[in-house]
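Peer 1: Next up, final.txt (compact mmCIF, C-alpha atoms).
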# COMPACT_ATOMS: atom_id res chain seq x y z
CA THR A 1 -7.28 -5.75 -3.50
CA LEU A 2 -5.42 -4.71 -6.63
CA ASP A 3 -7.67 -1.81 -7.66
CA LEU A 4 -5.10 0.91 -7.03
CA ASN A 5 -1.90 1.50 -8.98
CA SER A 6 0.10 1.12 -5.78
CA TYR A 7 -1.41 -2.35 -5.41
CA GLY A 8 -0.50 -3.42 -8.93
CA ALA A 9 -3.39 -2.22 -11.11
CA LYS A 10 -2.32 -1.62 -14.71
CA ASP A 11 -5.46 0.00 -16.11
CA LEU A 12 -6.37 2.61 -13.46
CA PHE A 13 -5.51 6.25 -12.79
CA THR A 14 -5.14 6.74 -9.01
CA PRO A 15 -2.44 9.42 -8.49
CA ASN A 16 -3.68 10.62 -5.10
CA PHE A 17 -3.79 7.18 -3.50
CA ASP A 18 -0.40 6.47 -5.05
CA ARG A 19 1.04 9.64 -3.47
CA MET A 20 -0.42 8.56 -0.14
CA ALA A 21 1.42 5.25 -0.46
CA GLU A 22 4.65 7.08 -1.38
CA ASN A 23 4.31 9.34 1.66
CA GLY A 24 3.07 6.72 4.10
CA VAL A 25 2.80 2.98 4.62
CA ARG A 26 0.94 0.45 2.51
CA PHE A 27 -0.32 -2.81 4.00
CA THR A 28 -0.24 -5.97 1.91
CA GLN A 29 -2.09 -8.15 4.44
CA PHE A 30 -4.72 -5.87 5.93
CA TYR A 31 -8.04 -7.51 6.77
CA ALA A 32 -11.52 -6.09 7.18
CA GLY A 33 -13.52 -7.14 10.21
CA SER A 34 -16.08 -8.77 7.93
CA SER A 35 -16.85 -9.22 4.25
CA VAL A 36 -20.10 -7.26 4.36
CA CYS A 37 -20.80 -3.58 5.08
CA SER A 38 -22.35 -3.12 8.54
CA PRO A 39 -20.24 -5.54 10.61
CA SER A 40 -17.08 -4.31 8.91
CA ARG A 41 -17.90 -0.71 9.85
CA ALA A 42 -18.86 -1.72 13.38
CA SER A 43 -15.49 -3.39 13.80
CA LEU A 44 -13.60 -0.34 12.55
CA LEU A 45 -15.48 2.12 14.76
CA THR A 46 -15.42 0.07 17.99
CA GLY A 47 -12.03 -1.62 17.82
CA LYS A 48 -13.73 -4.98 18.27
CA SER A 49 -14.62 -7.97 16.16
CA PRO A 50 -18.17 -7.74 14.76
CA SER A 51 -19.17 -10.36 17.33
CA GLY A 52 -17.66 -8.24 20.09
CA ALA A 53 -19.59 -5.24 18.76
CA ALA A 54 -22.78 -7.36 18.61
CA LEU A 55 -23.32 -6.75 14.89
CA THR A 56 -22.49 -9.65 12.57
CA GLY A 57 -25.00 -8.91 9.79
CA ASN A 58 -26.19 -5.87 7.88
CA SER A 59 -28.11 -3.33 9.94
CA GLY A 60 -31.32 -3.57 7.93
CA LYS A 61 -31.99 -6.99 9.44
CA THR A 62 -30.29 -6.57 12.81
CA GLY A 63 -31.27 -3.03 13.81
CA GLY A 64 -27.69 -1.76 13.81
CA LEU A 65 -24.87 -1.06 16.22
CA PRO A 66 -26.13 -1.34 19.83
CA PRO A 67 -26.15 2.07 21.56
CA GLU A 68 -23.94 0.82 24.40
CA GLN A 69 -21.04 0.22 22.00
CA VAL A 70 -18.39 2.97 22.23
CA THR A 71 -17.10 4.36 18.93
CA ILE A 72 -13.91 6.19 17.97
CA ALA A 73 -16.00 9.37 17.90
CA GLU A 74 -17.21 8.91 21.48
CA MET A 75 -13.68 8.14 22.63
CA LEU A 76 -12.20 11.23 20.98
CA LYS A 77 -15.08 13.52 21.91
CA ALA A 78 -14.29 12.79 25.55
CA GLU A 79 -10.75 14.03 24.82
CA GLY A 80 -11.95 17.36 23.40
CA TYR A 81 -12.08 16.47 19.72
CA ALA A 82 -14.72 17.80 17.33
CA THR A 83 -16.16 14.78 15.52
CA ALA A 84 -17.87 14.34 12.15
CA HIS A 85 -19.47 11.50 10.22
CA ILE A 86 -19.74 12.27 6.51
CA GLY A 87 -21.05 9.72 4.00
CA LYS A 88 -22.49 6.26 4.44
CA TRP A 89 -23.61 5.13 7.90
CA HIS A 90 -25.37 1.73 7.58
CA LEU A 91 -25.17 1.08 11.32
CA GLY A 92 -28.81 1.73 12.16
CA LYS A 93 -31.46 4.21 11.05
CA ASP A 94 -33.62 4.27 14.18
CA GLN A 95 -33.29 6.83 16.94
CA GLY A 96 -30.53 5.85 19.34
CA ARG A 97 -28.51 4.12 16.63
CA ARG A 98 -27.73 7.00 14.30
CA PRO A 99 -24.35 8.77 14.09
CA GLU A 100 -25.48 11.67 16.27
CA ASP A 101 -26.22 9.08 18.97
CA GLN A 102 -22.75 7.55 18.68
CA GLY A 103 -20.53 10.53 19.46
CA PHE A 104 -20.59 12.55 16.24
CA ASP A 105 -21.04 16.32 16.67
CA TYR A 106 -21.75 16.77 12.97
CA THR A 107 -23.26 14.22 10.60
CA PHE A 108 -24.17 14.27 6.93
CA GLY A 109 -25.03 11.34 4.72
CA HIS A 110 -27.31 8.33 4.27
CA MET A 111 -28.44 5.88 6.91
CA GLU A 112 -29.09 2.88 4.66
CA GLY A 113 -26.54 0.86 2.73
CA CYS A 114 -26.71 2.62 -0.64
CA ILE A 115 -28.29 5.61 -2.34
CA ASP A 116 -28.55 7.02 -5.84
CA ASN A 117 -25.82 9.68 -6.03
CA TYR A 118 -28.11 12.28 -7.62
CA SER A 119 -31.65 11.72 -6.29
CA HIS A 120 -30.31 10.39 -2.95
CA PHE A 121 -33.01 7.74 -2.85
CA PHE A 122 -32.36 4.39 -1.20
CA TYR A 123 -31.03 2.18 -4.00
CA TRP A 124 -32.56 -1.25 -3.48
CA SER A 125 -35.89 -2.97 -4.00
CA GLY A 126 -39.01 -0.81 -3.87
CA PRO A 127 -40.61 1.14 -2.57
CA ASN A 128 -37.58 3.42 -2.69
CA TYR A 129 -37.39 6.45 -0.44
CA HIS A 130 -35.27 9.54 0.08
CA ASP A 131 -32.32 8.98 2.45
CA LEU A 132 -30.15 12.07 2.98
CA TRP A 133 -29.69 13.58 6.43
CA GLU A 134 -27.75 16.35 8.13
CA ASN A 135 -27.57 16.55 11.91
CA GLY A 136 -30.65 14.36 12.29
CA LYS A 137 -32.82 16.29 9.83
CA GLU A 138 -33.74 15.22 6.32
CA VAL A 139 -32.17 17.49 3.69
CA TYR A 140 -32.64 17.70 -0.07
CA GLU A 141 -29.90 18.26 -2.66
CA ASP A 142 -31.71 16.87 -5.70
CA GLY A 143 -29.42 16.56 -8.71
CA TYR A 144 -26.24 17.43 -6.81
CA PHE A 145 -23.52 14.78 -7.07
CA PHE A 146 -23.16 13.15 -3.66
CA GLN A 147 -19.37 12.79 -3.97
CA ASP A 148 -19.05 16.57 -4.36
CA SER A 149 -21.24 17.03 -1.29
CA LEU A 150 -18.95 14.80 0.77
CA VAL A 151 -15.89 16.86 -0.07
CA GLU A 152 -17.67 20.17 0.53
CA LYS A 153 -19.05 19.09 3.92
CA ALA A 154 -15.62 17.82 4.96
CA ARG A 155 -13.98 21.06 3.80
CA ARG A 156 -16.36 23.15 5.88
CA PHE A 157 -15.83 20.99 8.94
CA ILE A 158 -12.04 21.25 8.62
CA TYR A 159 -12.11 25.05 8.38
CA ASP A 160 -14.70 25.45 11.12
CA ASN A 161 -12.66 23.31 13.52
CA ARG A 162 -9.06 24.04 12.59
CA ASP A 163 -8.47 25.74 15.94
CA GLN A 164 -9.16 22.50 17.82
CA PRO A 165 -8.41 18.82 17.31
CA PHE A 166 -10.91 17.09 15.02
CA PHE A 167 -11.83 13.64 13.77
CA ILE A 168 -13.65 12.95 10.49
CA TYR A 169 -15.07 9.56 9.61
CA LEU A 170 -15.44 10.01 5.85
CA ALA A 171 -17.34 6.96 4.63
CA ILE A 172 -17.28 7.30 0.84
CA ASN A 173 -20.03 5.23 -0.79
CA LEU A 174 -18.21 4.48 -4.07
CA PRO A 175 -17.37 2.10 -5.68
CA HIS A 176 -20.35 0.51 -3.96
CA TYR A 177 -23.33 0.30 -6.27
CA PRO A 178 -24.91 2.15 -7.94
CA LEU A 179 -21.83 2.63 -10.14
CA GLN A 180 -22.29 6.34 -10.80
CA PRO A 181 -18.91 8.01 -11.36
CA ASP A 182 -18.13 11.50 -12.54
CA ALA A 183 -18.90 11.54 -16.28
CA LYS A 184 -15.38 12.61 -17.24
CA TRP A 185 -13.99 9.36 -15.85
CA LEU A 186 -16.41 7.31 -17.93
CA GLU A 187 -14.97 9.12 -20.92
CA HIS A 188 -11.44 8.44 -19.69
CA TYR A 189 -12.13 4.69 -19.49
CA LYS A 190 -14.38 4.45 -22.56
CA ASP A 191 -12.17 1.81 -24.18
CA LEU A 192 -12.37 -0.61 -21.25
CA PRO A 193 -15.09 -3.26 -21.37
CA SER A 194 -18.12 -3.02 -19.09
CA PRO A 195 -18.39 -3.36 -16.13
CA ARG A 196 -14.67 -2.72 -15.64
CA LYS A 197 -14.92 0.76 -17.14
CA ASN A 198 -17.79 1.69 -14.79
CA TYR A 199 -15.93 0.37 -11.76
CA ALA A 200 -12.65 1.99 -12.82
CA ALA A 201 -14.39 5.32 -13.30
CA CYS A 202 -15.78 5.07 -9.76
CA VAL A 203 -12.33 4.34 -8.34
CA SER A 204 -10.83 7.35 -10.12
CA THR A 205 -13.73 9.50 -8.92
CA VAL A 206 -12.94 8.50 -5.34
CA ASP A 207 -9.23 9.12 -5.92
CA GLU A 208 -9.98 12.61 -7.22
CA LYS A 209 -12.20 13.45 -4.23
CA VAL A 210 -9.59 12.20 -1.76
CA GLY A 211 -7.04 14.39 -3.51
CA GLN A 212 -9.34 17.39 -3.11
CA LEU A 213 -9.74 16.65 0.58
CA ILE A 214 -5.97 16.46 1.08
CA THR A 215 -5.66 19.82 -0.70
CA HIS A 216 -8.20 21.32 1.72
CA LEU A 217 -6.25 19.97 4.69
CA GLU A 218 -3.10 21.54 3.29
CA SER A 219 -4.82 24.89 2.64
CA ALA A 220 -6.11 24.92 6.21
CA GLY A 221 -2.59 24.29 7.53
CA GLU A 222 -3.60 20.93 8.97
CA LEU A 223 -2.08 18.37 6.61
CA GLU A 224 1.19 17.91 8.51
CA ASN A 225 -0.75 17.49 11.73
CA THR A 226 -3.31 14.97 10.50
CA LEU A 227 -3.23 11.19 10.54
CA ILE A 228 -4.96 9.96 7.37
CA ILE A 229 -6.14 6.35 7.24
CA PHE A 230 -7.62 4.76 4.14
CA GLN A 231 -9.11 1.29 3.83
CA SER A 232 -11.87 -0.52 1.97
CA ASP A 233 -14.65 -2.06 4.04
CA HIS A 234 -14.49 -5.44 2.25
CA GLY A 235 -13.65 -7.06 -1.07
CA ARG A 236 -15.20 -6.60 -4.49
CA SER A 237 -18.87 -7.21 -5.16
CA VAL A 238 -20.15 -9.48 -7.93
CA GLU A 239 -23.82 -8.69 -7.28
CA GLU A 240 -26.29 -7.91 -10.05
CA ARG A 241 -26.54 -4.28 -8.91
CA THR A 242 -22.84 -3.84 -9.57
CA MET A 243 -23.20 -5.29 -13.08
CA TRP A 244 -21.88 -8.64 -11.81
CA GLY A 245 -18.46 -7.24 -11.02
CA GLY A 246 -15.87 -4.80 -12.27
CA GLY A 247 -13.48 -5.03 -9.34
CA TYR A 248 -10.28 -7.06 -9.56
CA ALA A 249 -8.78 -9.12 -6.73
CA GLY A 250 -5.78 -10.51 -8.57
CA PRO A 251 -4.89 -14.00 -7.32
CA TYR A 252 -7.24 -13.84 -4.36
CA ARG A 253 -10.33 -16.00 -4.39
CA GLY A 254 -13.80 -14.83 -3.44
CA SER A 255 -15.65 -11.58 -2.96
CA LYS A 256 -18.07 -9.75 -0.70
CA PHE A 257 -20.08 -12.03 1.67
CA GLY A 258 -17.35 -14.70 1.80
CA PHE A 259 -14.30 -15.30 3.98
CA PHE A 260 -11.87 -16.18 1.22
CA GLU A 261 -9.08 -13.63 0.80
CA GLY A 262 -10.93 -11.78 -1.95
CA GLY A 263 -13.68 -10.89 0.50
CA LEU A 264 -11.50 -9.93 3.46
CA ARG A 265 -8.06 -8.71 2.36
CA VAL A 266 -8.37 -5.02 1.50
CA PRO A 267 -6.20 -2.05 0.53
CA ALA A 268 -5.03 0.03 3.49
CA ILE A 269 -2.75 3.08 3.46
CA VAL A 270 -1.75 5.31 6.39
CA MET A 271 0.12 8.61 6.25
CA GLY A 272 0.72 11.34 8.79
CA PRO A 273 3.10 12.70 11.44
CA GLY A 274 5.63 10.10 12.53
CA VAL A 275 4.49 7.51 9.97
CA ALA A 276 7.24 6.00 7.85
CA LYS A 277 7.27 6.99 4.19
CA GLY A 278 7.19 4.68 1.21
CA VAL A 279 7.14 1.53 3.34
CA GLU A 280 5.29 -1.71 2.68
CA ILE A 281 4.04 -3.64 5.72
CA HIS A 282 3.66 -7.34 5.10
CA GLN A 283 2.59 -8.35 8.61
CA SER A 284 -1.11 -8.94 9.19
CA ALA A 285 -3.34 -6.23 10.65
CA MET A 286 -7.09 -5.70 10.97
CA SER A 287 -9.53 -2.82 10.89
CA MET A 288 -10.23 -3.27 14.61
CA ASP A 289 -6.62 -2.19 15.20
CA LEU A 290 -7.43 1.34 14.01
CA LEU A 291 -9.23 2.51 17.17
CA PRO A 292 -6.29 1.66 19.47
CA THR A 293 -3.89 3.11 16.87
CA ILE A 294 -5.80 6.39 16.80
CA ALA A 295 -5.96 6.36 20.60
CA ASP A 296 -2.19 5.89 20.73
CA TYR A 297 -1.46 8.79 18.38
CA CYS A 298 -4.00 11.10 20.03
CA GLY A 299 -2.85 10.43 23.58
CA VAL A 300 -6.21 9.09 24.71
CA SER A 301 -6.27 8.77 28.48
CA LYS A 302 -8.77 5.92 28.68
CA MET A 303 -9.60 3.30 26.10
CA PRO A 304 -13.16 1.96 25.79
CA GLU A 305 -13.79 -1.35 27.50
CA GLY A 306 -13.64 -4.56 25.51
CA VAL A 307 -11.37 -3.33 22.72
CA GLU A 308 -9.87 -6.33 20.92
CA GLY A 309 -7.54 -4.52 18.53
CA THR A 310 -3.89 -3.60 19.08
CA SER A 311 -2.15 -0.32 18.25
CA LEU A 312 -0.22 -0.37 14.98
CA ARG A 313 1.89 2.66 15.88
CA SER A 314 5.25 0.93 16.24
CA MET A 315 4.62 -0.89 12.96
CA LEU A 316 3.64 2.36 11.23
CA GLU A 317 6.81 4.04 12.46
CA GLY A 318 9.10 1.46 10.98
CA GLU A 319 9.48 -1.37 13.45
CA ASP A 320 9.42 -4.75 11.76
CA GLU A 321 7.16 -6.64 14.12
CA SER A 322 4.03 -8.74 14.10
CA ILE A 323 1.19 -7.82 16.44
CA ARG A 324 -0.88 -10.95 15.97
CA ASP A 325 -0.61 -14.49 14.74
CA THR A 326 -4.32 -15.35 14.87
CA MET A 327 -7.41 -13.71 13.36
CA TYR A 328 -11.07 -14.68 13.56
CA TRP A 329 -14.24 -13.93 11.63
CA ASN A 330 -17.90 -14.79 12.23
CA MET A 331 -20.94 -14.02 10.10
CA LYS A 332 -24.37 -14.41 11.65
CA SER A 333 -24.64 -17.94 13.04
CA ASP A 334 -23.51 -20.23 10.24
CA ARG A 335 -20.16 -19.08 8.86
CA TRP A 336 -16.76 -18.53 10.43
CA ALA A 337 -13.07 -18.52 9.62
CA ILE A 338 -9.76 -18.50 11.43
CA ARG A 339 -6.27 -17.65 10.23
CA HIS A 340 -3.43 -18.94 12.42
CA GLY A 341 -0.01 -18.16 10.95
CA PRO A 342 -0.16 -19.08 7.25
CA TRP A 343 -2.95 -21.60 7.86
CA LYS A 344 -6.58 -20.64 7.36
CA LEU A 345 -9.70 -22.67 8.01
CA LEU A 346 -13.14 -21.69 6.72
CA PHE A 347 -16.38 -23.22 7.94
CA ASN A 348 -19.30 -23.20 5.50
CA PRO A 349 -17.31 -21.21 2.90
CA LYS A 350 -18.96 -19.01 0.27
CA ASP A 351 -17.64 -17.98 -3.13
CA ASP A 352 -19.97 -16.05 -5.46
CA THR A 353 -17.39 -15.32 -8.15
CA LYS A 354 -17.71 -18.50 -10.26
CA ASP A 355 -13.94 -18.38 -10.79
CA TYR A 356 -13.57 -21.87 -9.31
CA PRO A 357 -15.64 -25.06 -9.43
CA PRO A 358 -18.67 -24.89 -7.12
CA LEU A 359 -18.03 -25.69 -3.48
CA ASP A 360 -19.39 -29.03 -2.32
CA PRO A 361 -21.68 -28.42 0.70
CA LYS A 362 -20.45 -31.65 2.29
CA LYS A 363 -16.84 -32.15 1.23
CA ASP A 364 -16.01 -28.46 1.54
CA ARG A 365 -17.91 -27.87 4.78
CA TYR A 366 -14.48 -27.31 6.28
CA PHE A 367 -12.01 -25.69 3.87
CA LEU A 368 -8.32 -25.58 4.80
CA VAL A 369 -5.62 -23.57 3.01
CA ASN A 370 -2.03 -22.51 3.57
CA LEU A 371 -1.56 -18.99 2.23
CA GLU A 372 2.20 -19.35 1.92
CA MET A 373 1.81 -22.50 -0.15
CA ASP A 374 -1.12 -21.20 -2.24
CA ASN A 375 -2.57 -17.74 -1.76
CA THR A 376 -5.27 -18.44 -4.35
CA GLU A 377 -7.08 -20.79 -1.93
CA GLY A 378 -7.87 -22.98 -4.89
CA THR A 379 -7.45 -26.39 -3.25
CA ASN A 380 -9.04 -27.67 -0.05
CA LEU A 381 -6.26 -29.24 2.04
CA VAL A 382 -8.52 -30.47 4.84
CA ARG A 383 -7.99 -34.16 3.97
CA THR A 384 -4.29 -33.72 3.29
CA TYR A 385 -3.61 -32.08 6.67
CA PRO A 386 -6.42 -33.28 8.95
CA GLU A 387 -4.37 -32.69 12.09
CA LYS A 388 -3.92 -29.02 11.14
CA ALA A 389 -7.67 -28.63 10.57
CA GLN A 390 -8.35 -30.09 14.01
CA GLU A 391 -5.76 -27.78 15.57
CA LEU A 392 -7.42 -24.70 14.06
CA ILE A 393 -10.87 -25.91 15.15
CA GLU A 394 -9.58 -26.16 18.71
CA VAL A 395 -7.96 -22.72 18.59
CA TYR A 396 -11.13 -21.17 17.19
CA SER A 397 -13.29 -22.92 19.82
CA LYS A 398 -11.38 -21.14 22.59
CA TRP A 399 -12.00 -17.69 21.13
CA GLN A 400 -14.35 -15.68 23.35
CA HIS A 401 -16.77 -15.03 20.47
CA ALA A 402 -16.65 -18.49 18.85
CA LEU A 403 -19.84 -19.90 17.38
CA PRO A 404 -20.86 -23.45 18.35
CA VAL A 405 -18.49 -25.68 16.42
CA GLU A 406 -19.42 -28.63 14.27
CA GLU A 407 -17.08 -31.53 14.94
CA TRP A 408 -15.11 -32.70 11.93
CA LYS A 409 -14.72 -36.46 11.73
CA GLY A 410 -11.93 -36.50 9.21
CA SER A 411 -12.10 -38.94 6.34
CA ARG A 412 -15.66 -40.07 7.08
CA ASP A 413 -16.91 -36.67 5.84
CA GLU A 414 -19.43 -36.47 8.64
CA TRP A 415 -20.23 -33.60 10.93
CA LYS A 416 -22.41 -33.13 13.91
CA VAL A 417 -23.12 -30.17 16.16
CA THR A 418 -20.94 -30.42 19.23
CA ARG A 419 -23.23 -29.89 22.17
CA GLU A 420 -20.47 -29.83 24.73
CA VAL A 421 -19.44 -26.24 24.07
CA THR A 422 -18.92 -25.01 27.58
CA ARG A 423 -19.79 -21.59 28.86
CA ASP A 424 -16.10 -20.86 29.38
CA VAL A 425 -15.24 -21.77 25.80
CA ARG A 426 -18.03 -19.55 24.47
CA ARG A 427 -16.89 -16.60 26.54
CA GLY A 428 -13.17 -17.25 26.34
CA THR A 429 -10.75 -16.65 29.16
CA SER A 430 -8.85 -13.59 30.26
CA GLY A 431 -6.03 -12.71 27.91
CA LYS A 432 -7.02 -15.27 25.29
CA GLY A 433 -8.68 -15.05 21.94
CA ARG A 434 -7.82 -11.44 21.14
CA GLY A 435 -5.28 -12.13 18.48
CA LYS A 436 -2.34 -11.00 20.56
Would you put the structure from the file into structure tokens?

Peer 2:
Amino acid sequence: TLDLNSYGAKDLFTPNFDRMAENGVRFTQFYAGSSVCSPSRASLLTGKSPSGAALTGNSGKTGGLPPEQVTIAEMLKAEGYATAHIGKWHLGKDQGRRPEDQGFDYTFGHMEGCIDNYSHFFYWSGPNYHDLWENGKEVYEDGYFFQDSLVEKARRFIYDNRDQPFFIYLAINLPHYPLQPDAKWLEHYKDLPSPRKNYAACVSTVDEKVGQLITHLESAGELENTLIIFQSDHGRSVEERTMWGGGYAGPYRGSKFGFFEGGLRVPAIVMGPGVAKGVEIHQSAMSMDLLPTIADYCGVSKMPEGVEGTSLRSMLEGEDESIRDTMYWNMKSDRWAIRHGPWKLLFNPKDDTKDYPPLDPKKDRYFLVNLEMDNTEGTNLVRTYPEKAQELIEVYSKWQHALPVEEWKGSRDEWKVTREVTRDVRRGTSGKGRGK
């Protein structure tokens, strides 16, 4: 969350993101839809929670975003916009689930979660395979730096479509592993220890490419007419493939895969026509709010059905208001969290960072925090405020996408699966459970 200068980093060079913050708004409590890639992207593109978009795990195991889900691209295409996906997809590689099937007129990038930035081979366990596609056909750019390709493809799309409204979903795949920055940035950060220097070099590479893209928008005469939204898809990774870390989350506990703040709270900056300049927004917002925000700014005549997000336009234009008091997260079938005001309850929490003592599978099955009292989430308050834990369990249970809830029996430290989860509770009721 702190890996930009505008978010407090002291060892990074991010002038382009910093200028965006100076010329737009910067969120301090912006939350991703999930703490892992595919569901987070599904939430952003559909304006729904991952559960609402029917994708709560990575696409390699789930198949990807169901074809019936309506994306931002499909919504804007119906309004006459040219649409492009450039970069990482990770929402399904099979026919019917690829970007060209989800409303994108032009698409360039990789279908899986990560690729080598020079060979463009799937970067995971073997056997590895080539994964670079343009408009549904496999293409080869061996040895060409993928980050440069992203900027060039975006530049061409901007110039080719500057006489009509356009939408670009630019899904940059850094600083996701493999940590392969531009070599000059490795030289710039040579005095930092590893893996921080590798991660920092990736962040500055992304900053440089975003700056180039903004320059292209300006050269095409489109900068003043373009809403630019930046956010990360989830918190830092501490996986082996990312050299066990490199990212910095400041006081926030946790990382990718977990629902502590370090896995969910992400940088988010918005700039464009009508957006306030140099403003910090401290109210909570989520990535699923971006679809209705874009719809609001673009004058969309009909929103897709089932959208759970709320437009941030009034907030972006300077009104000091809160659009939601409650937020929910699910992951697969065994992990969930709810934030209600400053209180947050995690079920089956996960923390891979080793920054805190290991979680006790029994005593920490439910983990309660108050973010105003302690934003580090270092102490489980579930036995200090048992009535608050029960209140949040009840609120979560009424959410339309709630998982079956294990009953907490307070001081006896016992849980059991509550079988009496009614159909109405599972589905929710009209007007409830959407964070409004």

Peer 1: Just checking: using only C-alpha atoms, which residue out of A:Ala53, A:Met286, A:Val36, A:Ala183 ends up closest to Glu305 in chain A?

Peer 2: A:Ala53

Peer 1: As an MDAnalysis selection string, please: the residues near Val395 in chain A (cut-off 9 Å, only C-alpha atoms, same-chain neighbours under 4 positions excluded).

Peer 2: chainID A and resid 338 340 390:391 399 433

Peer 1: For Thr107 in chain A, which of A:Ser194, A:Ser314, A:Ser125, A:Asn135 is the closest residue, counting all atoms listed in the file?

Peer 2: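 For Thr107 in chain A, the nearest of the given residues is A:Asn135.
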
Peer 1: Give the answer as one residue: which of A:Val382, A:Leu316, A:Ile323, A:Val203 has the shortest atom-to-atom distance to Pro175 in chain A, using only C-alpha atoms?

Peer 2: A:Val203

Peer 1: Could you tell me how far CA of Lys332 in chain A sits from CA of Asp289 in chain A, in Å to one decimal place?

Peer 2: 21.8 Å

Peer 1: So which one's closest to Pro304 in chain A, A:Ser204, A:Thr384, A:Gln95, A:Gln69? Using only C-alpha atoms, please.

Peer 2: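 Looking only at the distances to Pro304 in chain A, the closest residue turns out to be A:Gln69.
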